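Asker: There's a structure below that I have some questions on.
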Amino acid sequence: MNFPILSSLILLPSIGALFLFFTKSDKKNNFTGKYVALFTSAVNFFLSIYLWILFDPTTSEFQFVEERIWIKDLINYKVGVDGISILFILLTTFITPLCIVSVNNSIKERLSEFLIAVLIMESFMIGVFCSLDLVIFYLFFEAGLIPMFLIIGIWGGARRVYSAFKFFLYTLLGSVLMLVAIITIYWLNGTTDVVELYNSGIDIKYQNLLWLAFFSSFAVKTPMWPVHTWLPDAHVEAPTAGSVLLAAILLKMAGYGFIRFSLGLFPAASEIFTPLIYTLSVIAIIFTSFIALMQEDMKKLIAYSSVAHMGYVTLGIFTIQQQGIEGSIIQMISHGLVSAALFLCVGVVYDRMHSRLINTYGGIVSIIPKYSILFMLFTLAALGLPGTSGFVGEFLILMGAFKDNFLVAVIASLGVIIGAAYMLWLYKRVVFGKLINTDLKQMFDLNRSELFILSCLAVPTLFFGFYPDPLINTIEVSISDLIDQYNFKLASKT
Amino acid sequence: MENLQLVLPEIFLSLSIMFLLILGVFKKNSSRLVQSLSLAVLIVTAVITFNETIGINETKLFNNSIIIDYLSSLMKIITLLAAFLVLIISSNYLKTFQIFKIEYPILILSSVLGMMVMINSNDLIVFYMGLELQSLALYVLATFNRDEIKSSEAGLKYFVLSALSSGLLLYGCSLIYGFTGSTNFDVIADQLNSNEYALTFGIVFILVGLAFKISAVPFHMWAPDVYEGSPTSVTLFFTMVPKIAALTVFIRFLYVPFLNLIDQWQMILIFLSIASMLFGAIAAIGQTNLKRLVAYSSIGHVGYALAGVAAGTNDGIQSSVIYITIYILMNLGLFSCLLMLKRDNNYYEKIDDLSGLSKNHPMLALSLLIILFSLAGIPPLAGFFAKFYVFKAVIEQSMYFLAIVGLLSTVVAAFYYLRLIKIMYFDEQKEKYDTDHGFWLKFSLTASTLLILIYFIFPSQLIEVVSRINII
């Protein structure tokens with residue numbers, strides 16, 4: 001396999017963005033610009049499907065590895081995928097074209113610049129998931145801040161400036177400590193190559209501090225309680241496509257980071273800090289679910305539900321059980337699909353009524369039935385109804401948790417009930433009930449592009465709900481090897 | 001006579017200055033000619049420096065009072081190129097204020113000559129001579145727009161404070177002379193007796209003087225006022241060129257005679273570095289004038305460059321040289337943008353004047369966006385790599401406190417850079433600015449932006465250039 005498929009995945013969106021940059025942006029060309037962006041991201045999606053087909057799930061070795069000298073004697077550009085990362089790449093390449101389709105309805109001005117930002121964002125996100133060098137990882141991880149800051153700040157809502165700053169500074173603050181940790185690892189081991197670090201292990205004396213430094217970055221990005229406060233602001237103010245990218249992919253970077261780096265590099269420290277993660281995760285699940293229950297703003301409600309769902313993810317990862325970690329990855333994929341869909345659903349009514357407040361709506365089921373059906377599906381997926389992908393993830397996580405810590409598992413299971421409560425109540429207040437606000441009668445049902453996007457998201461949600469095998473097969477071996485490595489390193493105290 | 005070849009750049013430059021002065025005095029209306037000739041002189045000097053000295057081993061001349069090695073040649077070339085770029089992009093600005101006179105390029109050349117002497121010095125007296133030559137030229141440059149009261153004020157303020165710091169510095173030199181019996185760096189290194197506390201006082205006094213010249217906290221007070229009051233083209237010169245020479249002297253002075261006293265001066269440098277990084281970041285937040293903001297941001301950046309020097313290793317020195325080089329590149333871009341904010345013969349320098357720039361001048365705004373993110377140190381732009389190398393060197397020496405404070409202050413600093421971006425991109429648009437800028441101004445903006453943007457594709461080159469710096 002000489003074709004550098006991963007580098008192509010990373011570069012292709014940027015090339016598309018460059019192309020867009022040189023097309024003049026008047027009203028007519030915006031149209032072509034959109035097709036350029038759509039074409040690029042669609043090609044990228046098919047390329048990643050091709051990658052999945054070629055991918056060999058029977059080994060936990062990194063595949064499609066490319067290595068080039070980047071900074072001489074210091075850092076090599078190294079990318080590769082294993083079972084853990086490949087699904088996130090697929091998720092990224094799947095969500096981005098849908099975002100680009102969705103801008104039809106929500107972005108009114110500076111369209112080509114928006115598309116450039118989205119495409120560059122895609123490059124960075126794919127880069128995060130396939131980099132096998134800590135510095136390269138950091139580079140992509142941080143670089144994503146620039147386009148996201150602009151997406152929120154330029155195309156966002158009324159309080160966009162505040163939200164954009166909060167998003168940027170919170171994430172930057174979390175990440176700088178990770179940079180210190182990465183450089184320290186370089187001086188301890190003489191390399192930042194992840195594969196070599198997996199083999200050599202990191203001195204146990206330093207692991208705790210290094211773990212905490214990585215944690216500070218991932219905790220902000222996840223986001224975990226109590227540093228989650230940037231997320232509702234960023235979500236509420238970001239344009240629909242921005243919220244979708246943020247919820248569906250950006251948050252997954254941290255979960256991925258926990259599995260890849262915290263567990264892989266610092267097993268001894270992970271063992272020590274597991275209670276911390278459990279506590280924060282359980283608080284996130286229960287506390288933010290209650291907060292979500294009280295929200296007036298639909299986007300804010302879904303944002304808080306994201307925090308709760310990510311609480312399950314972190315909980316599952318640190319059970320260090322096969323089911324727990326598998327569940328976490330599936331939960332992340334599922335949340336990527338479902339939260340994206342929910343934000344798009346909010347976007348649909350927002351584009352028509354320009355309000356996100358729940359009490360504006362009510363009784364719209366008879367006016368826009370197609371919308372109500374799809375919204376129902378995603379609501380049920382979000383609360384983890386069997387038959388949707390949300391159920392598979394949550395079920396596996398709780399199974400892992402019961403094996404590891406009974407009390408935590410019981411409390412987390414209670415969170416499922418609250419989760420069902422706020423999602424169903426949201427649905428009831430928006431869709432059912434009496435039609436009081438007569439303006440709602442002006443609403444028209446889903447147009448073709450909206451229907452297309454939501455169906456695209458509905459198909460995998462249902463499919464993986466009934467038949468999660470393709471996902472599990474892909475990740476199974478990598479995870480079991482990760483756990484073996486983890487236990488081995490723990491036993492041999494390195 | 002072989003020796004003279006090695007100082008040929010300095011000899012050529014001083015002869016050219018005298019020639020240009022005579023030419024300017026006797027030929028009427030020759031400012032354009034003098035300007036072009038000065039540019040040629042800078043380039044020729046850089047070429048001579050490159051040809052004559054870049055490859056040779058460390059050589060000491062004139063009773064060991066001058067040192068020619070890779071560091072000095074490299075820094076001289078950077079200085080000359082930076083001065084060249086400053087001179088070439090400032091002509092339109094000077095014409096607008098009708099201060100396009102022969103003195104301007106000649107003064108810049110003289111201060112560059114002073115800096116070259118500083119960079120070469122291996123002796124306290126030679127170093128002081130160079131320092132005074134460059135400072136005197138800079139005092140006059142600061143007041144160059146003499147009809148403007150702010151410019152005169154800037155020059156006077158700079159003169160008074162700088163004279164004070166020069167006095168302190170000279171006092172430090174005399175202390176060191178008194179306790180070692182020599183002004184030569186090598187002899188001082190031999191005579192060094194670490195039990196002499198007075199020597200430490202000498203070092204401290206000299207460091208104070210140097211910190212003043214490089215505008216490190218707590219000796220930065222002059223910088224914002226002088227940067228604001230001076231003509232913008234001179235501010236550009238201030239923020240870039242003297243810092244190169246001052247940094248070189250910092251390195252040379254601390255690492256040649258006083259390497260054995262590293263325990264004594266390392267703490268001072270760490271303090272200077274931390275104070276500059278934090279103060280630069282925090283004080284810039286409240287500024288409303290772009291030039292003042294740049295002044296505080298340059299104070300912060302000096303802090304990062306000093307962090308590399310504080311590491312006490314070759315890696316550290318190399319990283320500061322990389323830092324200052326990338327910093328110069330970013331500053332060049334930033335000031336090219338400032339010089340483009342012009343409407344009807346008026347230059348705008350308030351932060352609010354940037355508002356809505358992205359709608360009126362999308363390319364200018366995009367360049368400024370890239371430069372600002374790079375100044376904030378966000379990957380994958382060049383500014384990130386500059387910080388990365390510095391902190392790599394610092395963490396190698398287990399100076400975690402310095403590294404963490406430094407990185408946290410980048411977060412604070414990111415706030416005011418973001419504010420500028422916010423004003424450009426999120427705020428309402430105003431009137432358009434002129435677009436008929438000179439070729440060189442456009443060139444320097446485009447070139448610096450592109451270099452910042454694509455630096456990550458070839459990061460090894462710059463490292464290779466500096467990796468031959470070998471002081472310890």
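Here's how to read the names in the structure tokens: chain A, B, ... by the order shown, residue numbers from 1 in each chain, ligand numbers from 1 in the order shown.
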If we count only C-alpha atoms, which residues of chain B reach to within 7 Å of chain A? Please list them as a list of chain:residue names.
Answerer: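 Listing them in order of chain and number gives B:Ile378, B:Pro379, B:Pro380, B:Lys392, B:Ile395, B:Glu396, B:Leu407, B:Leu408, B:Val411, B:Tyr425, B:Phe426, B:Pro459, B:Ser460.
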Asker: Generate the output file for the selected residues, C-alpha atoms, as a PDB file, in the first residue's frame.
Answerer:
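The resulting file, selection-v3.pdb, is shown below:
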ATOM      1  CA  ILE B 378      -1.438  29.030  18.073  1.00  0.00           C
ATOM      2  CA  PRO B 379      -0.294  26.083  15.954  1.00  0.00           C
ATOM      3  CA  PRO B 380       0.355  25.445  13.118  1.00  0.00           C
ATOM      4  CA  LYS B 392      11.692  22.676  24.880  1.00  0.00           C
ATOM      5  CA  ILE B 395      11.964  22.140  30.185  1.00  0.00           C
ATOM      6  CA  GLU B 396      15.165  20.297  29.334  1.00  0.00           C
ATOM      7  CA  LEU B 407       2.534  29.111  28.733  1.00  0.00           C
ATOM      8  CA  LEU B 408      -0.177  30.425  31.017  1.00  0.00           C
ATOM      9  CA  VAL B 411      -3.350  32.291  27.337  1.00  0.00           C
ATOM     10  CA  TYR B 425     -14.143  40.224  12.025  1.00  0.00           C
ATOM     11  CA  PHE B 426     -17.142  40.559  14.304  1.00  0.00           C
ATOM     12  CA  PRO B 459      10.621  23.790  10.059  1.00  0.00           C
ATOM     13  CA  SER B 460      14.040  22.137   9.820  1.00  0.00           C
TER      14      SER B 460
END
Asker: Find the residues around region 335-344 of chain A up to 6 Å (only C-alpha atoms counted), leave out those fewer than 6 positions away in its own chain, and share them as a ChimeraX atom specification.
Answerer: /A:244,248,378,457
Asker: What does the distance between CA of Leu446 (chain A) and CA of Leu374 (chain A) come to in Å, to one decimal place?
Answerer: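 Those two atoms sit 10.1 Å apart.
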Asker: Considering only C-alpha atoms, can you say which of A:Val348, A:Ala420, A:Cys130, A:Ile364 comes closest to Ile84 (chain A)?
Answerer: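 Looking at the shortest contact to Ile84 (chain A), the residue is A:Cys130.
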Asker: Report, in Å with one decimal, the straight-line distance from CA of Leu33 (chain B) to CA of Lys76 (chain B).
Answerer: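 Computed distance, CA of Leu33 (chain B) to CA of Lys76 (chain B), equals 24.7 Å.
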Asker: Contacts of Leu15 (chain B) at 12 Å or less, counting only C-alpha atoms, minus same-chain residues fewer than 5 places along, as a list in words?
Answerer: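 Once the nearby chain positions are removed, what remains is Leu8, Pro9, Glu10, Leu20, Leu21, Ile22, Ser38, Val41, Thr45, Ile106, Leu109, Ser110 and Leu113 of chain B.
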Asker: What's the 12 Å shell around Lys489 (chain A), counting only C-alpha atoms, without same-chain residues fewer than 4 positions away, as a PDB file with C-alpha atoms, in the first residue's frame?
Answerer:
ATOM      1  CA  TYR A 198       3.746   2.383  24.056  1.00  0.00           C
ATOM      2  CA  ASN A 199       6.635  -0.063  23.906  1.00  0.00           C
ATOM      3  CA  SER A 200       9.025   1.672  26.240  1.00  0.00           C
ATOM      4  CA  GLY A 201       6.562   2.971  28.808  1.00  0.00           C
ATOM      5  CA  ILE A 202       7.002   6.134  30.839  1.00  0.00           C
ATOM      6  CA  ASP A 203       8.831   6.406  34.126  1.00  0.00           C
ATOM      7  CA  ILE A 204       6.331   5.774  36.888  1.00  0.00           C
ATOM      8  CA  LEU A 263      -4.763   4.780  29.219  1.00  0.00           C
ATOM      9  CA  GLY A 264      -2.065   3.911  26.728  1.00  0.00           C
ATOM     10  CA  LEU A 265       0.780   5.970  28.109  1.00  0.00           C
ATOM     11  CA  PHE A 266       0.049   6.328  31.808  1.00  0.00           C
ATOM     12  CA  PRO A 267      -1.541   3.116  33.082  1.00  0.00           C
ATOM     13  CA  ALA A 268      -0.260   3.493  36.636  1.00  0.00           C
ATOM     14  CA  ALA A 269      -1.586   7.016  36.907  1.00  0.00           C
ATOM     15  CA  SER A 270      -4.887   6.078  35.272  1.00  0.00           C
ATOM     16  CA  GLU A 271      -5.344   3.449  37.934  1.00  0.00           C
ATOM     17  CA  ASP A 481      -4.913  -5.483  23.213  1.00  0.00           C
ATOM     18  CA  LEU A 482      -5.018  -2.088  24.826  1.00  0.00           C
ATOM     19  CA  ILE A 483      -6.415  -3.621  28.003  1.00  0.00           C
ATOM     20  CA  ASP A 484      -3.872  -6.441  27.963  1.00  0.00           C
ATOM     21  CA  GLN A 485      -1.079  -3.924  27.562  1.00  0.00           C
ATOM     22  CA  LYS A 493       5.148  -1.342  37.253  1.00  0.00           C
ATOM     23  CA  THR A 494       6.193   0.701  34.263  1.00  0.00           C
TER      24      THR A 494
END
